[in-house]
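A.B. asks: Okay, here's the structure, questions in a sec.
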Amino acid sequence: MSLPHSHARAELVASWKLLLQMAFRNVLRQRSRATVALIAISVGVAAMVVAGGFIHDVYIQFAESLIHSQYGHLQVHRNGYALRGIQRPTDYLIDDAGTVVQQIEHTGGIDIVLSRLRFTGLATVGGADVPIIGEGVEPDAENHLGSFVRLVSGRLLRNTDRTAVIIGEGLASALRVQSGDRMSVSVSVREGAVNNLEFDVVGVFKSYSKDFDQRAVRLPLSAAQELLDARAVNEIVVVLRDSADVAASEFELRRMFAPHGFEIGTWRDLADFYNKTVELFDKQYGFLQGVLLMMIALSVANAINTMLFERMPEFGTMLALGDRRQRVFLSVIAECAILGIIGSGIGVFVGIAVASVLSIIGLPMPPPPNTDLGYVAQIRIVPAVIVHAFLIGVVSAVIAGIFPSLRIARTAPVEALRRAV
Amino acid sequence: MNAEEAASGGAASNAPTALGNPVKSVVSVQHLTKRYRIEGQIVTALDDITFNIEEGSFLAVAGPSGSGKSTLLNIIGCIDSPTSGSVAIDGDEIAQRTPDELADLRARAIGFIFQTFNLFPVLNAAENVEYPLLKRSDIGPAERRDRVFHYLDIVGLADLARHRPNQLSGGQRQRVAIARALVIQPRIVLADEPTANLDHKTGKRILRLMQRINRTMRTTFVFSTHDQKVLDMADRRVDLEDGEIVRLGVRAADGWAYAVER
């Protein structure tokens, strides 16, 4: 008794095949009206592909700038540093940093590991005192990391420097110093005494963060250790070869060092401003997508309405020939979906083309709020954004078709047949 | 018996009125009334109509424009509903059926031929004829194909099966519509002014084709017309005027014999 069942299945397949064929041919048949709908869908989808690609580029450039100017991909500190280390950095010193660095270097995917000694203190020039955040760094390694630090004047630190510092542009302005001037730095050391050393300002820099530049002093690690009277560091910065490996490396370092009193932080744990910016942009982009969805749906609805009501007698014929209302509804929705698929396909193609051209040209952007460096934006081709934009295009076309489809399906066959245009 | 008697159901409540042969009725129309509200005015399109349609008949519904011919065909075809009265197809009342049940009934039992052909412009002739069969789970692909070409052959269009409606003449389009109506092997074919959009010669050919199919396949045809020449080809007639039956006639050797005449 499998024959009726196989007939039913064959009938269902053939029925749907013809329904989709009819839908496709109807879209092609009403070219001028379909073109209006297709333009609305494709422009909206292309706008989403470009806007999403731009925002993604902002995320990536912002993230890379933070990673390569301040945070690295991962940081290793003594337990408790994340909570209180900013106020009392010298309470969380790692005395055997060399061993830790060696162990990290032996794990996979590492580009560079560098040590820092952070401290707070006062910079003095003449009678002016300005609170600073000092960073004792390994100059050559830090220069390798700090591709996003731009020198305004002078030069970067070198491994051979002993008493040289580079300072942020804001601090230089506050102290009224420039490259070639001298300044003194005072810090409280572990025993409560105050240490003071004289340094040569060899360079002035801009980083991504204006706040950072207003207090930043970079000096060789050995000089910082001498200033603090400590042969130790309090921050080990890990830079990976690939930013996509952060989670895996974090897991590995946590496994290795957490049992020994260390805490591992990713750049995202540290970059609060980045997280808030991403959250804000995501909300803005989500709102933009919602607005575009509505705009596409409204633009397409008008065209679809006209397309469908011109063909009312055809739907009347379908009903007269025994089509159920549900099938008439589905046939209209299928047309809208096909319009959406074609329009979204064109939109994705146009969006990628526009993104590629704009990326080749490059979009010079002013410094974002609270930052000092402008940058050249690109439009990234992001598969997730493309898929999302495509789906929004299709969904909005289907949404646009729901109301007219329901109206048509609910029309009595005789009424539909009478409405000859 | 006059039209008032027939309409009141006196002679027609349980037996054929005009077509009194002992042949099975395909359609039974009892006290059918249809009223519309147009701009606040009640318009009576059909007023207490009662008659039966016998299996294998070639019945013309005649009358001037606005007499209710199309309304009557639409209600018999289950694409419109009566205000009161009943219609039964093969003895089954259609009044209480849901829209989906009526759609299924149309898909199995009723073929339509429209004045404006109403072919799907995006489908070719064969696909148009195949369309109603796609709702029939009891018909497999091979039978479906056979039926499509069988009926296209009957209407003389097998060679034009791949042509779209816009590549066919008016007469050819109506032939495709006839094949589409026949392909489901319906109990009744309803044709609303099937020749109105055709020139006289083509119209006559179409009617002859329908007549030939009626005689060879015993398919019941009901068609509306106000053309006397077309009317003369029928073997039964129902004449309407202002929504009422004024004559029920059957073809006799020397013209029409009327069972009801006002």
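Here, A, B, ... name the chains of the structure tokens in the order displayed, residue numbers run from 1 inside each chain, and ligands are numbered from 1 in the same displayed order.
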Residues of chain B near chain A: apply a cut-off of 9 Å, count only C-alpha atoms, and supply the list as a ChimeraX atom specification.

C.D. replies: /B:74,77-80,99-108,110-112,118-123,127,131-141,181

A.B. asks: How would the residues just picked look written out with N, CA and C atoms as a short mmCIF file (atom, residue, chain, number, x, y, z; two decimals), in the first residue's frame?

C.D. replies:
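Wrote it out as out.cif, contents follow:
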data_model
loop_
_atom_site.label_atom_id
_atom_site.label_comp_id
_atom_site.auth_asym_id
_atom_site.auth_seq_id
_atom_site.Cartn_x
_atom_site.Cartn_y
_atom_site.Cartn_z
N ASN B 74 -21.80 30.92 -10.30
CA ASN B 74 -20.82 31.06 -9.21
C ASN B 74 -21.25 30.28 -7.97
N GLY B 77 -20.91 26.68 -8.60
CA GLY B 77 -19.47 26.35 -8.59
C GLY B 77 -18.80 26.52 -7.25
N CYS B 78 -19.58 26.85 -6.22
CA CYS B 78 -19.06 26.97 -4.85
C CYS B 78 -18.01 28.07 -4.72
N ILE B 79 -18.06 29.09 -5.58
CA ILE B 79 -17.15 30.22 -5.37
C ILE B 79 -17.94 31.43 -4.85
N ASP B 80 -19.21 31.26 -4.66
CA ASP B 80 -20.05 32.29 -4.03
C ASP B 80 -21.07 31.55 -3.18
N PRO B 99 -14.54 26.79 3.94
CA PRO B 99 -13.86 27.21 2.71
C PRO B 99 -12.89 26.15 2.18
N ASP B 100 -12.17 25.47 3.08
CA ASP B 100 -11.22 24.45 2.62
C ASP B 100 -11.95 23.24 2.03
N GLU B 101 -13.07 22.88 2.65
CA GLU B 101 -13.84 21.75 2.10
C GLU B 101 -14.42 22.10 0.73
N LEU B 102 -14.85 23.35 0.59
CA LEU B 102 -15.36 23.78 -0.71
C LEU B 102 -14.24 23.78 -1.75
N ALA B 103 -13.02 24.21 -1.32
CA ALA B 103 -11.87 24.20 -2.24
C ALA B 103 -11.59 22.77 -2.70
N ASP B 104 -11.64 21.82 -1.75
CA ASP B 104 -11.40 20.42 -2.11
C ASP B 104 -12.48 19.91 -3.06
N LEU B 105 -13.72 20.33 -2.81
CA LEU B 105 -14.82 19.93 -3.70
C LEU B 105 -14.60 20.47 -5.11
N ARG B 106 -14.21 21.73 -5.19
CA ARG B 106 -13.95 22.32 -6.51
C ARG B 106 -12.81 21.59 -7.21
N ALA B 107 -11.79 21.25 -6.41
CA ALA B 107 -10.62 20.59 -6.99
C ALA B 107 -10.98 19.23 -7.59
N ARG B 108 -12.00 18.57 -7.04
CA ARG B 108 -12.33 17.21 -7.48
C ARG B 108 -13.52 17.15 -8.43
N ILE B 110 -15.51 20.10 -9.89
CA ILE B 110 -16.02 21.22 -10.70
C ILE B 110 -14.92 21.77 -11.60
N GLY B 111 -15.23 21.83 -12.88
CA GLY B 111 -14.32 22.46 -13.83
C GLY B 111 -14.86 23.83 -14.20
N PHE B 112 -13.95 24.80 -14.34
CA PHE B 112 -14.38 26.16 -14.68
C PHE B 112 -13.81 26.58 -16.03
N ASN B 118 -8.70 33.18 -18.13
CA ASN B 118 -8.06 33.06 -16.81
C ASN B 118 -6.98 31.99 -16.76
N LEU B 119 -6.16 31.94 -17.79
CA LEU B 119 -4.99 31.06 -17.73
C LEU B 119 -3.89 31.78 -16.95
N PHE B 120 -3.01 31.01 -16.34
CA PHE B 120 -1.88 31.63 -15.65
C PHE B 120 -0.84 32.02 -16.70
N PRO B 121 -0.55 33.31 -16.81
CA PRO B 121 0.31 33.75 -17.91
C PRO B 121 1.75 33.24 -17.81
N VAL B 122 2.18 32.86 -16.60
CA VAL B 122 3.58 32.42 -16.46
C VAL B 122 3.73 30.92 -16.69
N LEU B 123 2.62 30.24 -16.91
CA LEU B 123 2.69 28.79 -17.17
C LEU B 123 2.36 28.53 -18.64
N GLU B 127 1.40 23.17 -18.52
CA GLU B 127 1.45 23.47 -17.08
C GLU B 127 0.11 24.01 -16.58
N TYR B 131 -2.06 22.15 -13.71
CA TYR B 131 -2.20 22.84 -12.43
C TYR B 131 -3.25 22.25 -11.49
N PRO B 132 -4.50 22.03 -11.96
CA PRO B 132 -5.50 21.51 -11.01
C PRO B 132 -5.20 20.10 -10.52
N LEU B 133 -4.41 19.35 -11.27
CA LEU B 133 -4.11 17.97 -10.88
C LEU B 133 -3.11 17.91 -9.73
N LEU B 134 -2.38 19.00 -9.52
CA LEU B 134 -1.33 18.98 -8.49
C LEU B 134 -1.91 18.96 -7.09
N LYS B 135 -3.19 19.15 -6.99
CA LYS B 135 -3.83 19.06 -5.67
C LYS B 135 -4.36 17.66 -5.41
N ARG B 136 -4.20 16.78 -6.39
CA ARG B 136 -4.80 15.44 -6.30
C ARG B 136 -3.75 14.41 -5.93
N SER B 137 -3.77 14.01 -4.66
CA SER B 137 -2.77 13.05 -4.20
C SER B 137 -3.03 11.65 -4.75
N ASP B 138 -4.22 11.42 -5.34
CA ASP B 138 -4.53 10.09 -5.87
C ASP B 138 -4.02 9.91 -7.30
N ILE B 139 -3.44 10.96 -7.85
CA ILE B 139 -2.96 10.86 -9.24
C ILE B 139 -1.45 11.01 -9.26
N GLY B 140 -0.77 9.97 -9.74
CA GLY B 140 0.70 9.98 -9.77
C GLY B 140 1.22 10.78 -10.95
N PRO B 141 2.54 11.01 -10.97
CA PRO B 141 3.15 11.84 -12.01
C PRO B 141 2.88 11.30 -13.42
N ALA B 181 -10.27 22.46 -17.49
CA ALA B 181 -11.51 22.13 -16.78
C ALA B 181 -11.78 20.63 -16.81
#

A.B. asks: Applying 7 Å and only C-alpha atoms, which residues near Val29 (chain B) remain after dropping the ones on its own chain fewer than 4 positions away? List them as a JSON list (two decimals) with N, CA, C and O atoms, in the first residue's frame.

C.D. replies:
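The file below, around03.json, is the result:
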[["chain", "number", "residue", "atom", "x", "y", "z"],
["B", 49, "ILE", "N", -34.86, 30.37, -6.77],
["B", 49, "ILE", "CA", -34.60, 29.54, -7.96],
["B", 49, "ILE", "C", -34.61, 28.06, -7.56],
["B", 49, "ILE", "O", -33.96, 27.68, -6.58],
["B", 50, "THR", "N", -35.31, 27.26, -8.30],
["B", 50, "THR", "CA", -35.32, 25.82, -8.05],
["B", 50, "THR", "C", -35.24, 25.07, -9.38],
["B", 50, "THR", "O", -36.06, 25.32, -10.28],
["B", 51, "PHE", "N", -34.26, 24.24, -9.53],
["B", 51, "PHE", "CA", -34.18, 23.34, -10.69],
["B", 51, "PHE", "C", -33.06, 22.33, -10.46],
["B", 51, "PHE", "O", -32.25, 22.50, -9.54],
["B", 52, "ASN", "N", -33.06, 21.29, -11.27],
["B", 52, "ASN", "CA", -32.01, 20.28, -11.18],
["B", 52, "ASN", "C", -31.21, 20.25, -12.47],
["B", 52, "ASN", "O", -31.72, 20.59, -13.54],
["B", 86, "SER", "N", -30.64, 26.20, -1.02],
["B", 86, "SER", "CA", -29.54, 25.23, -0.95],
["B", 86, "SER", "C", -29.13, 24.75, -2.34],
["B", 86, "SER", "O", -29.90, 24.81, -3.30],
["B", 87, "VAL", "N", -27.89, 24.30, -2.38],
["B", 87, "VAL", "CA", -27.36, 23.67, -3.59],
["B", 87, "VAL", "C", -26.73, 22.35, -3.14],
["B", 87, "VAL", "O", -25.97, 22.32, -2.16],
["B", 88, "ALA", "N", -27.08, 21.30, -3.84],
["B", 88, "ALA", "CA", -26.46, 20.00, -3.54],
["B", 88, "ALA", "C", -25.76, 19.49, -4.78],
["B", 88, "ALA", "O", -26.30, 19.59, -5.89]]

A.B. asks: Env of region 220-236 of chain A: 8 Å cut, atoms = only C-alpha atoms, seq-sep filter 5 positions within chain, self excluded. Answer as a count of residues only.

C.D. replies: 39

A.B. asks: Run DSSP on the backbone of this structure and report the residues of region 1-249 of chain B it assigns to strand (DSSP E or B), as a ChimeraX atom specification.

C.D. replies: /B:25-38,41-54,58-62,84-89,92-93,110-113,188-192,220-225,236-241,244-249

A.B. asks: Per residue of region 200-250 of chain B within 12 Å of region 31-37 of chain B, which atom pair is closest and at what distance in Å (one decimal), using only C-alpha atoms, listed by chain and increasing number, as a Markdown table?

C.D. replies:
| residue | atom | partner | partner_atom | distance |
| --- | --- | --- | --- | --- |
| B:Asp242 | CA | B:Lys34 | CA | 11.7 |
| B:Gly243 | CA | B:Thr33 | CA | 8.5 |
| B:Glu244 | CA | B:Thr33 | CA | 9.4 |
| B:Ile245 | CA | B:Leu32 | CA | 11.0 |

A.B. asks: Those selected residues, please, written with N, CA, C and O atoms and delivered as a PDB file, in the first residue's frame.

C.D. replies:
ATOM      1  N   ASP B 242     -34.330  39.025 -14.394  1.00  0.00           N
ATOM      2  CA  ASP B 242     -34.382  39.703 -13.085  1.00  0.00           C
ATOM      3  C   ASP B 242     -34.261  38.713 -11.927  1.00  0.00           C
ATOM      4  O   ASP B 242     -34.951  38.815 -10.911  1.00  0.00           O
ATOM      5  N   GLY B 243     -33.417  37.722 -12.102  1.00  0.00           N
ATOM      6  CA  GLY B 243     -33.137  36.780 -11.016  1.00  0.00           C
ATOM      7  C   GLY B 243     -34.160  35.676 -10.860  1.00  0.00           C
ATOM      8  O   GLY B 243     -34.071  34.886  -9.918  1.00  0.00           O
ATOM      9  N   GLU B 244     -35.150  35.606 -11.764  1.00  0.00           N
ATOM     10  CA  GLU B 244     -36.161  34.554 -11.657  1.00  0.00           C
ATOM     11  C   GLU B 244     -36.116  33.673 -12.894  1.00  0.00           C
ATOM     12  O   GLU B 244     -35.769  34.132 -13.988  1.00  0.00           O
ATOM     13  N   ILE B 245     -36.510  32.409 -12.715  1.00  0.00           N
ATOM     14  CA  ILE B 245     -36.601  31.515 -13.867  1.00  0.00           C
ATOM     15  C   ILE B 245     -37.891  31.841 -14.624  1.00  0.00           C
ATOM     16  O   ILE B 245     -38.978  31.854 -14.031  1.00  0.00           O
TER      17      ILE B 245
END
